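Text of the file coords38.txt, holding compact mmCIF, C-alpha atoms:
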```txt
# COMPACT_ATOMS: atom_id res chain seq x y z
CA MET S 1 44.96 22.91 106.36
CA THR S 2 46.36 25.98 104.62
CA GLU S 3 44.34 28.47 102.64
CA ASP S 4 45.24 29.81 99.20
CA LEU S 5 45.79 33.57 99.26
CA GLY S 6 44.42 34.28 95.77
CA LYS S 7 45.52 37.61 94.28
CA ILE S 8 47.82 39.40 96.72
CA MET S 9 48.83 43.02 97.29
CA VAL S 10 51.74 43.98 99.54
CA ILE S 11 51.45 47.59 100.72
CA GLY S 12 54.78 48.98 101.89
CA ALA S 13 56.60 46.65 99.52
CA CYS S 14 59.81 48.68 99.46
CA GLY S 15 60.35 48.54 103.21
CA GLN S 16 62.51 46.24 105.30
CA ILE S 17 59.87 43.52 105.66
CA GLY S 18 57.79 44.30 102.59
CA SER S 19 60.61 43.84 100.10
CA GLU S 20 61.43 40.34 101.34
CA LEU S 21 57.81 39.35 101.82
CA THR S 22 57.03 40.37 98.24
CA GLU S 23 59.90 38.26 96.92
CA THR S 24 58.84 35.24 98.98
CA LEU S 25 55.20 35.48 97.92
CA ARG S 26 56.15 35.83 94.25
CA ASP S 27 58.41 32.79 94.48
CA LYS S 28 55.57 30.79 96.02
CA TYR S 29 52.51 32.07 94.17
CA GLY S 30 53.99 33.53 90.99
CA GLY S 31 54.80 37.12 90.09
CA GLU S 32 51.52 37.63 88.27
CA ARG S 33 49.58 37.06 91.50
CA VAL S 34 51.51 39.47 93.75
CA VAL S 35 51.18 43.24 93.32
CA ALA S 36 53.75 45.42 95.10
CA ALA S 37 52.63 48.90 96.21
CA ASP S 38 54.56 51.67 97.94
CA LYS S 39 55.11 55.43 97.99
CA CYS S 40 58.62 54.88 96.62
CA THR S 41 59.04 56.38 93.15
CA ASP S 42 62.40 54.69 92.56
CA PRO S 43 61.98 51.09 93.76
CA ASP S 44 64.62 48.39 93.55
CA ARG S 45 64.79 46.67 90.20
CA GLU S 46 63.73 43.34 91.74
CA ILE S 47 60.43 44.80 92.93
CA VAL S 48 59.57 46.10 89.46
CA SER S 49 60.87 43.18 87.40
CA GLY S 50 59.23 40.47 89.50
CA GLY S 51 55.64 41.59 88.97
CA ALA S 52 53.31 44.58 88.98
CA TYR S 53 54.39 47.64 90.94
CA GLU S 54 52.11 50.55 91.80
CA ILE S 55 52.90 53.86 93.50
CA LEU S 56 50.50 54.23 96.41
CA ASP S 57 50.10 56.46 99.45
CA VAL S 58 48.06 54.38 101.89
CA MET S 59 46.50 57.58 103.24
CA ASN S 60 44.81 58.17 99.86
CA ARG S 61 41.73 55.99 100.23
CA GLY S 62 40.49 56.64 96.71
CA ASP S 63 43.73 55.46 95.10
CA LEU S 64 43.86 52.48 97.45
CA LYS S 65 40.35 51.40 96.53
CA ALA S 66 41.02 51.84 92.82
CA LEU S 67 44.12 49.63 92.97
CA LEU S 68 42.52 46.86 95.02
CA ASP S 69 39.58 46.86 92.62
CA LYS S 70 41.80 47.01 89.52
CA TYR S 71 43.70 43.88 90.46
CA GLY S 72 40.83 42.01 92.12
CA VAL S 73 42.87 41.58 95.29
CA ASP S 74 41.93 38.77 97.67
CA THR S 75 44.64 39.19 100.33
CA VAL S 76 46.19 42.44 101.53
CA PHE S 77 49.42 42.59 103.51
CA ASN S 78 49.56 46.09 105.01
CA LEU S 79 53.14 46.90 106.03
CA ALA S 80 52.98 50.68 105.65
CA ALA S 81 54.10 52.16 108.98
CA ILE S 82 56.27 54.73 110.70
CA LEU S 83 58.38 52.84 113.28
CA SER S 84 59.03 53.66 116.93
CA ALA S 85 62.14 55.85 116.97
CA LYS S 86 61.18 57.77 113.83
CA GLY S 87 57.65 58.07 115.18
CA GLU S 88 58.90 59.77 118.34
CA ARG S 89 60.61 62.40 116.21
CA ASP S 90 57.38 63.02 114.28
CA PRO S 91 54.38 61.69 116.25
CA GLN S 92 51.85 63.35 113.94
CA LEU S 93 53.27 61.56 110.91
CA ALA S 94 53.27 58.25 112.79
CA PHE S 95 49.64 58.74 113.79
CA ASN S 96 48.54 59.64 110.27
CA VAL S 97 50.34 56.82 108.46
CA ASN S 98 49.76 54.12 111.06
CA MET S 99 46.20 55.01 112.06
CA VAL S 100 44.61 56.62 109.03
CA GLY S 101 46.42 54.21 106.72
CA THR S 102 45.26 51.18 108.71
CA TYR S 103 41.67 52.45 108.80
CA ASN S 104 41.75 53.02 105.04
CA VAL S 105 42.96 49.49 104.37
CA LEU S 106 40.30 47.95 106.61
CA GLU S 107 37.45 50.09 105.31
CA VAL S 108 38.30 49.64 101.63
CA SER S 109 38.80 45.90 102.16
CA ARG S 110 35.35 45.75 103.74
CA GLU S 111 33.80 47.68 100.87
CA LEU S 112 35.38 45.43 98.24
CA ASP S 113 34.85 42.13 100.10
CA VAL S 114 38.56 41.36 100.26
CA ASP S 115 39.07 37.88 101.69
CA ARG S 116 41.68 38.75 104.34
CA VAL S 117 43.92 41.50 105.66
CA VAL S 118 47.25 40.67 107.30
CA THR S 119 49.28 43.27 109.14
CA PRO S 120 52.10 43.25 111.68
CA SER S 121 51.58 44.51 115.17
CA SER S 122 54.61 44.90 117.43
CA ILE S 123 56.11 44.43 120.88
CA ALA S 124 55.77 48.23 121.03
CA VAL S 125 52.18 47.66 122.19
CA PHE S 126 53.56 46.68 125.60
CA GLY S 127 54.44 49.03 128.41
CA PRO S 128 56.52 48.46 131.56
CA GLU S 129 53.44 47.22 133.44
CA VAL S 130 53.51 43.79 131.71
CA PRO S 131 55.43 40.77 133.04
CA PRO S 132 58.89 41.19 131.47
CA LYS S 133 59.55 37.47 130.94
CA GLU S 134 57.35 35.29 128.76
CA THR S 135 54.84 38.11 128.35
CA PRO S 136 51.46 36.58 127.44
CA ASP S 137 49.15 37.66 124.62
CA GLN S 138 46.43 39.01 126.90
CA VAL S 139 47.91 41.72 129.14
CA TYR S 140 47.33 45.34 130.10
CA LEU S 141 48.56 47.55 127.27
CA ARG S 142 49.87 51.05 127.92
CA PRO S 143 52.66 51.73 125.38
CA ARG S 144 55.14 54.57 125.75
CA SER S 145 55.51 55.51 122.07
CA MET S 146 53.17 56.84 119.40
CA TYR S 147 54.11 53.79 117.31
CA GLY S 148 52.96 51.54 120.14
CA VAL S 149 49.75 53.53 120.63
CA THR S 150 48.88 53.17 116.95
CA LYS S 151 49.63 49.46 117.00
CA VAL S 152 47.32 48.90 119.97
CA ALA S 153 44.62 50.84 118.14
CA GLY S 154 45.33 48.82 115.00
CA GLU S 155 44.81 45.57 116.87
CA LEU S 156 41.51 46.84 118.25
CA LEU S 157 40.37 48.13 114.86
CA GLY S 158 41.18 44.81 113.24
CA TYR S 159 39.23 42.93 115.89
CA TYR S 160 36.31 45.33 115.49
CA TYR S 161 36.20 44.81 111.73
CA TRP S 162 36.29 41.06 112.21
CA LYS S 163 33.51 40.97 114.82
CA LYS S 164 31.24 43.63 113.26
CA TYR S 165 31.74 43.03 109.54
CA GLY S 166 33.24 39.56 109.31
CA LEU S 167 36.39 40.90 107.65
CA ASP S 168 39.12 38.29 108.09
CA VAL S 169 41.81 40.38 109.81
CA ARG S 170 44.98 38.70 111.13
CA GLU S 171 47.75 40.39 113.12
CA ILE S 172 50.92 39.18 114.81
CA ARG S 173 53.10 41.03 117.30
CA LEU S 174 56.58 41.04 115.81
CA PRO S 175 59.72 41.50 117.91
CA GLY S 176 62.74 43.41 116.63
CA ILE S 177 63.62 42.26 113.10
CA ILE S 178 67.16 41.57 111.89
CA SER S 179 67.84 41.65 108.15
CA TYR S 180 70.79 42.17 105.80
CA LYS S 181 68.83 43.08 102.65
CA THR S 182 67.67 46.54 103.67
CA TYR S 183 69.12 49.09 106.08
CA PRO S 184 67.24 49.80 109.35
CA GLY S 185 64.10 51.88 108.94
CA GLY S 186 63.80 53.91 112.14
CA GLY S 187 62.98 51.38 114.87
CA THR S 188 64.29 51.26 118.43
CA THR S 189 65.57 47.72 117.88
CA ASP S 190 67.61 48.82 114.86
CA TYR S 191 70.85 48.59 116.86
CA ALA S 192 70.58 44.85 116.29
CA VAL S 193 71.04 45.49 112.56
CA ALA S 194 73.31 48.54 112.58
CA ALA S 195 75.85 46.67 114.73
CA PHE S 196 76.46 44.22 111.89
CA TYR S 197 77.03 46.98 109.34
CA ASP S 198 79.50 48.84 111.52
CA ALA S 199 81.28 45.65 112.56
CA LEU S 200 82.08 44.92 108.92
CA LYS S 201 82.64 48.47 107.67
CA LYS S 202 84.27 50.16 110.67
CA GLY S 203 85.21 47.42 113.09
CA HIS S 204 83.44 49.32 115.86
CA TYR S 205 79.86 50.07 116.91
CA GLU S 206 78.40 52.38 119.50
CA PHE S 207 75.17 50.88 120.82
CA PHE S 208 72.45 53.41 121.65
CA VAL S 209 71.13 51.14 124.42
CA GLU S 210 72.69 49.81 127.61
CA GLU S 211 74.66 46.58 127.47
CA GLY S 212 72.10 44.74 129.60
CA THR S 213 69.13 45.71 127.45
CA ARG S 214 67.38 42.45 126.57
CA LEU S 215 64.66 42.35 123.94
CA PRO S 216 62.82 39.78 121.81
CA MET S 217 64.33 39.57 118.33
CA MET S 218 63.71 37.65 115.13
CA TYR S 219 65.71 36.98 111.97
CA MET S 220 63.96 38.05 108.78
CA PRO S 221 63.38 34.55 107.35
CA ASP S 222 61.39 33.71 110.48
CA CYS S 223 59.50 37.01 110.21
CA ILE S 224 58.44 36.22 106.65
CA LYS S 225 57.56 32.68 107.67
CA ALA S 226 55.32 34.00 110.45
CA LEU S 227 53.45 36.44 108.18
CA VAL S 228 52.86 33.86 105.46
CA SER S 229 51.88 31.18 107.99
CA ILE S 230 49.27 33.33 109.72
CA ALA S 231 47.91 34.40 106.32
CA GLU S 232 47.56 30.80 105.10
CA ALA S 233 46.24 29.37 108.37
CA ASP S 234 42.73 27.95 108.54
CA GLY S 235 40.70 30.91 109.74
CA GLY S 236 38.33 28.71 111.67
CA GLY S 237 41.05 27.84 114.16
CA LEU S 238 42.13 31.39 114.99
CA THR S 239 40.72 32.63 118.29
CA GLU S 240 42.80 35.72 119.03
CA ARG S 241 42.90 37.08 115.48
CA THR S 242 44.75 40.33 116.08
CA ASN S 243 47.11 39.91 119.03
CA TYR S 244 49.24 36.81 118.54
CA ASN S 245 52.70 36.99 120.10
CA VAL S 246 55.38 35.40 117.93
CA GLY S 247 58.69 34.72 119.62
CA SER S 248 62.03 33.54 118.33
CA MET S 249 65.03 34.52 120.46
CA ASN S 250 66.00 37.13 123.01
CA PHE S 251 69.42 38.48 123.91
CA SER S 252 71.07 41.47 125.53
CA ALA S 253 72.97 44.08 123.55
CA LEU S 254 76.19 42.75 125.10
CA GLU S 255 75.37 39.18 124.10
CA LEU S 256 74.85 40.35 120.53
CA ALA S 257 78.17 42.20 120.54
CA GLU S 258 79.98 39.14 121.88
CA ALA S 259 78.30 36.87 119.32
CA ILE S 260 79.45 39.15 116.48
CA GLN S 261 82.93 39.27 117.98
CA LYS S 262 83.24 35.48 117.66
CA PHE S 263 83.05 35.91 113.89
CA VAL S 264 84.87 39.28 113.80
CA PRO S 265 87.50 39.05 116.59
CA GLU S 266 88.76 42.60 116.04
CA PHE S 267 85.27 44.05 116.49
CA THR S 268 85.04 46.58 119.34
CA TYR S 269 82.01 48.26 120.83
CA ASP S 270 80.75 50.53 123.55
CA PHE S 271 77.39 51.63 124.90
CA SER S 272 76.00 55.18 124.83
CA PRO S 273 72.27 55.03 125.60
CA ASP S 274 70.10 57.79 124.14
CA TYR S 275 66.37 58.61 124.11
CA ARG S 276 65.59 55.18 122.66
CA GLN S 277 66.66 53.50 125.89
CA GLU S 278 63.42 54.54 127.58
CA LEU S 279 61.40 52.86 124.84
CA ALA S 280 63.50 49.70 125.03
CA ASP S 281 63.06 49.60 128.80
CA SER S 282 59.29 49.64 128.41
CA TRP S 283 59.25 46.41 126.39
CA PRO S 284 59.43 42.81 127.64
CA ASP S 285 62.50 40.56 127.63
CA SER S 286 60.71 37.62 126.02
CA LEU S 287 57.30 36.56 124.71
CA ASP S 288 54.93 33.70 125.43
CA ASP S 289 53.86 32.61 121.95
CA SER S 290 52.31 29.29 122.93
CA LEU S 291 48.94 30.22 121.41
CA ALA S 292 50.46 30.90 117.98
CA ARG S 293 52.29 27.58 118.18
CA GLU S 294 49.11 25.75 119.18
CA GLU S 295 46.62 27.38 116.81
CA TRP S 296 48.58 27.81 113.60
CA GLY S 297 51.80 25.89 114.08
CA TRP S 298 54.23 28.75 114.63
CA GLN S 299 57.81 27.51 115.00
CA PRO S 300 60.93 29.71 114.53
CA GLU S 301 64.07 28.29 112.95
CA TYR S 302 66.90 30.70 113.85
CA ASP S 303 68.70 31.19 117.16
CA LEU S 304 71.30 33.87 117.91
CA ARG S 305 74.34 32.00 116.63
CA ALA S 306 72.65 30.91 113.40
CA THR S 307 71.38 34.46 112.85
CA VAL S 308 74.77 36.10 113.42
CA GLY S 309 76.61 33.69 111.14
CA ASP S 310 74.11 33.96 108.29
CA MET S 311 73.74 37.72 108.72
CA LEU S 312 77.48 38.41 108.56
CA GLU S 313 78.06 36.08 105.62
CA ASN S 314 75.30 37.61 103.51
CA LEU S 315 76.00 41.18 104.56
CA ALA S 316 79.70 40.82 103.71
CA ARG S 317 78.70 39.61 100.26
CA LYS S 318 76.29 42.54 99.87
CA LEU S 319 78.85 45.16 100.96
CA ASP S 320 81.56 43.52 98.86
CA GLY S 321 84.49 45.97 98.66
CA ASP S 322 83.23 48.03 101.59
CA VAL S 323 84.20 45.40 104.19
CA ASN S 324 87.32 46.08 106.26
CA VAL S 325 87.53 42.81 108.24
CA ASP S 326 87.96 39.10 107.64
CA LEU S 327 85.21 36.82 108.92
CA LYS S 328 86.24 33.89 111.09
CA ASP S 329 84.46 30.58 111.65
CA PRO S 330 84.19 30.41 115.46
CA VAL S 331 83.73 26.63 115.34
CA HIS S 332 86.79 25.74 113.28
CA SER S 333 89.15 28.67 113.80
```

In structure tokens, how does this file's structure come out?
Amino acid sequence: MTEDLGKIMVIGACGQIGSELTETLRDKYGGERVVAADKCTDPDREIVSGGAYEILDVMNRGDLKALLDKYGVDTVFNLAAILSAKGERDPQLAFNVNMVGTYNVLEVSRELDVDRVVTPSSIAVFGPEVPPKETPDQVYLRPRSMYGVTKVAGELLGYYYWKKYGLDVREIRLPGIISYKTYPGGGTTDYAVAAFYDALKKGHYEFFVEEGTRLPMMYMPDCIKALVSIAEADGGGLTERTNYNVGSMNFSALELAEAIQKFVPEFTYDFSPDYRQELADSWPDSLDDSLAREEWGWQPEYDLRATVGDMLENLARKLDGDVNVDLKDPVHS
């Protein structure tokens, strides 16, 4: 059984995930039922034309409460966050946005009796102490980034609000996200997106991780599917609530480069690890997401080859005249 989400607000609607989630929710529920909110003062036309758009700083609790009350919001998707690599450059900003912002969303949602709050957690919650392969949901968490620290705290806060106040909080631990619609937003796994851009525009990419670096990844359509699925799931069947692993695929940086090269034969690459390598090394190779599959039917659709082919095709169309290579079909060429 799936639950209707009622009136929806997406906070962080101009970001990499938020922009596509907003579009998907509006297509499914109608533009009049999905309010987009973000700090961005110059949002993409699609965000504004598809439904209501409000400028919001999630750290301003008064404005947040006024907007949720104004629209009678039933479901909040909170995607406002400072990601791992950017967060290491400015830990104080990451703490404020990720922690204070999350607290504000939970507290205001409690005050206004919002039906449910959905927010992404991340593989950044893990540290090198966890089993690197098929990492389970319930493990010792000691992250090595401020982003990871705030995500662990966010999971615990969400669980606290559920147990103490009955607020229906739902969180999933996302792997690295690959998308062609928006440029990377400051995450350690962003090499998995930037490589596609440079392959098409320059014919060469310099990875900032080692060639053997293997991480869990997910194509954006599966990411959106996971967020909507957990939001619509029957709440009575959710036992973990705020720490569901969701897996899709995992590959090394070299395997990604070679997969792109099958479509772009002239693509070249090298590896020059920087400070982000230490963060990548602290995360697992793959995730055990059996509980998400069992309790709310999680099932990804994209593997590496399907992701690379779809990503390059759509990105080439997006870049249009800024593409300096010809794509090949590795099956028929």

Fill in: Contacts of Glu211 in chain S at 7 Å (all atoms listed in the file; same-chain gap of 6+ positions) as an MDAnalysis selection string
chainID S and resid 252:254 271

Practice prompt. Report the distance between CA of Gly30 in chain S and CA of Lys7 in chain S in Å, rounded to one decimal place.
Written response: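 Pair CA of Gly30 in chain S / CA of Lys7 in chain S returns 10.0 Å.
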
Discussion item. From the options S:Lys151, S:Arg26, S:Arg214, S:Lys201, which residue's atoms come nearest to Gly176 in chain S, counting all atoms listed in the file?
Written reply: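 Checking each candidate against Gly176 in chain S, we get S:Arg214 as the closest.
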
Worksheet item: So how many Å separate CA of Gly166 in chain S and CA of Ala153 in chain S, to one decimal?
Response: 18.3 Å

Fill in: Given all atoms listed in the file as the counted atoms, nearest of S:Leu227, S:Val246, S:Val105, S:Ile260 to Leu200 in chain S
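Closest candidate: S:Ile260.
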
Contacts of Ala36 in chain S at 7 Å or less, counting all atoms listed in the file, minus same-chain residues fewer than 3 places along, as a compact mmCIF listing (two decimals) with C-alpha atoms, in the coordinates of the input?
```
# COMPACT_ATOMS: atom_id res chain seq x y z
CA MET S 9 48.83 43.02 97.29
CA VAL S 10 51.74 43.98 99.54
CA ILE S 11 51.45 47.59 100.72
CA ALA S 13 56.60 46.65 99.52
CA THR S 22 57.03 40.37 98.24
CA ALA S 52 53.31 44.58 88.98
CA TYR S 53 54.39 47.64 90.94
CA GLU S 54 52.11 50.55 91.80
```

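One distance worth recording is that between CA of Asn60 in chain S and CA of Asn104 in chain S, which is 7.9 Å.
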
Contacts of Gly185 in chain S at 12 Å or less, counting all atoms listed in the file, minus same-chain residues fewer than 6 places along, as an mmCIF file with C-alpha atoms, keeping the file's coordinate frame?
```
data_model
loop_
_atom_site.group_PDB
_atom_site.id
_atom_site.type_symbol
_atom_site.label_atom_id
_atom_site.label_comp_id
_atom_site.auth_asym_id
_atom_site.auth_seq_id
_atom_site.Cartn_x
_atom_site.Cartn_y
_atom_site.Cartn_z
ATOM 1 C CA CYS S 14 59.810 48.680 99.460
ATOM 2 C CA GLY S 15 60.350 48.540 103.210
ATOM 3 C CA GLN S 16 62.510 46.240 105.300
ATOM 4 C CA ILE S 17 59.870 43.520 105.660
ATOM 5 C CA GLY S 18 57.790 44.300 102.590
ATOM 6 C CA ALA S 80 52.980 50.680 105.650
ATOM 7 C CA ALA S 81 54.100 52.160 108.980
ATOM 8 C CA ILE S 82 56.270 54.730 110.700
ATOM 9 C CA LEU S 83 58.380 52.840 113.280
ATOM 10 C CA SER S 84 59.030 53.660 116.930
ATOM 11 C CA ALA S 85 62.140 55.850 116.970
ATOM 12 C CA LYS S 86 61.180 57.770 113.830
ATOM 13 C CA GLY S 87 57.650 58.070 115.180
ATOM 14 C CA GLY S 176 62.740 43.410 116.630
ATOM 15 C CA ILE S 177 63.620 42.260 113.100
ATOM 16 C CA ILE S 178 67.160 41.570 111.890
ATOM 17 C CA SER S 179 67.840 41.650 108.150
ATOM 18 C CA TYR S 191 70.850 48.590 116.860
ATOM 19 C CA VAL S 193 71.040 45.490 112.560
ATOM 20 C CA ALA S 194 73.310 48.540 112.580
#
```

Fill in: Surrounding residues of Ile230 in chain S excluding itself and chain neighbours under 6 positions, 10 Å, all atoms listed in the file, as a PyMOL selection string
chain S and resi 2-3+118-119+170-172+238+241+244+292+295-298

Worksheet item: Which residues, written as a PyMOL selection string, have at least one atom at most 9 Å from Val73 in chain S, with only C-alpha atoms counted and residues fewer than 6 positions away on the same chain left out?
Response: chain S and resi 6-9+33+35+67+112+114-115

Fill in: Nearest-residue call for Gly235 in chain S, choices S:Val117, S:Leu319, S:Leu141, S:Val130, using all atoms listed in the file
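Using all atoms listed in the file, Gly235 in chain S sits closest to S:Val117.
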
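The smallest atom-to-atom distance between Leu21 in chain S and any of S:Arg89, S:Arg110, S:Lys225, S:Arg305, using all atoms listed in the file, is found for S:Lys225.
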
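Each of S:Pro91, S:Asp320, S:Ser248, S:Glu278 was checked against Tyr197 in chain S using all atoms listed in the file; the smallest atom-to-atom distance is that of S:Asp320.
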
Item to complete: Tell me which of S:Ile55, S:Thr24, S:Leu157, S:Thr150 sits closest to Gln92 in chain S, counting only C-alpha atoms.
Response: S:Thr150

Counting all atoms listed in the file, find residues at most 7 Å from (59.4, 36.6, 129.1) (file frame) and give them as a compact mmCIF listing (two decimals) with C-alpha atoms, in the frame of the given file.
```txt
# COMPACT_ATOMS: atom_id res chain seq x y z
CA PRO S 131 55.43 40.77 133.04
CA PRO S 132 58.89 41.19 131.47
CA LYS S 133 59.55 37.47 130.94
CA GLU S 134 57.35 35.29 128.76
CA THR S 135 54.84 38.11 128.35
CA PRO S 284 59.43 42.81 127.64
CA ASP S 285 62.50 40.56 127.63
CA SER S 286 60.71 37.62 126.02
CA LEU S 287 57.30 36.56 124.71
CA ASP S 288 54.93 33.70 125.43
```
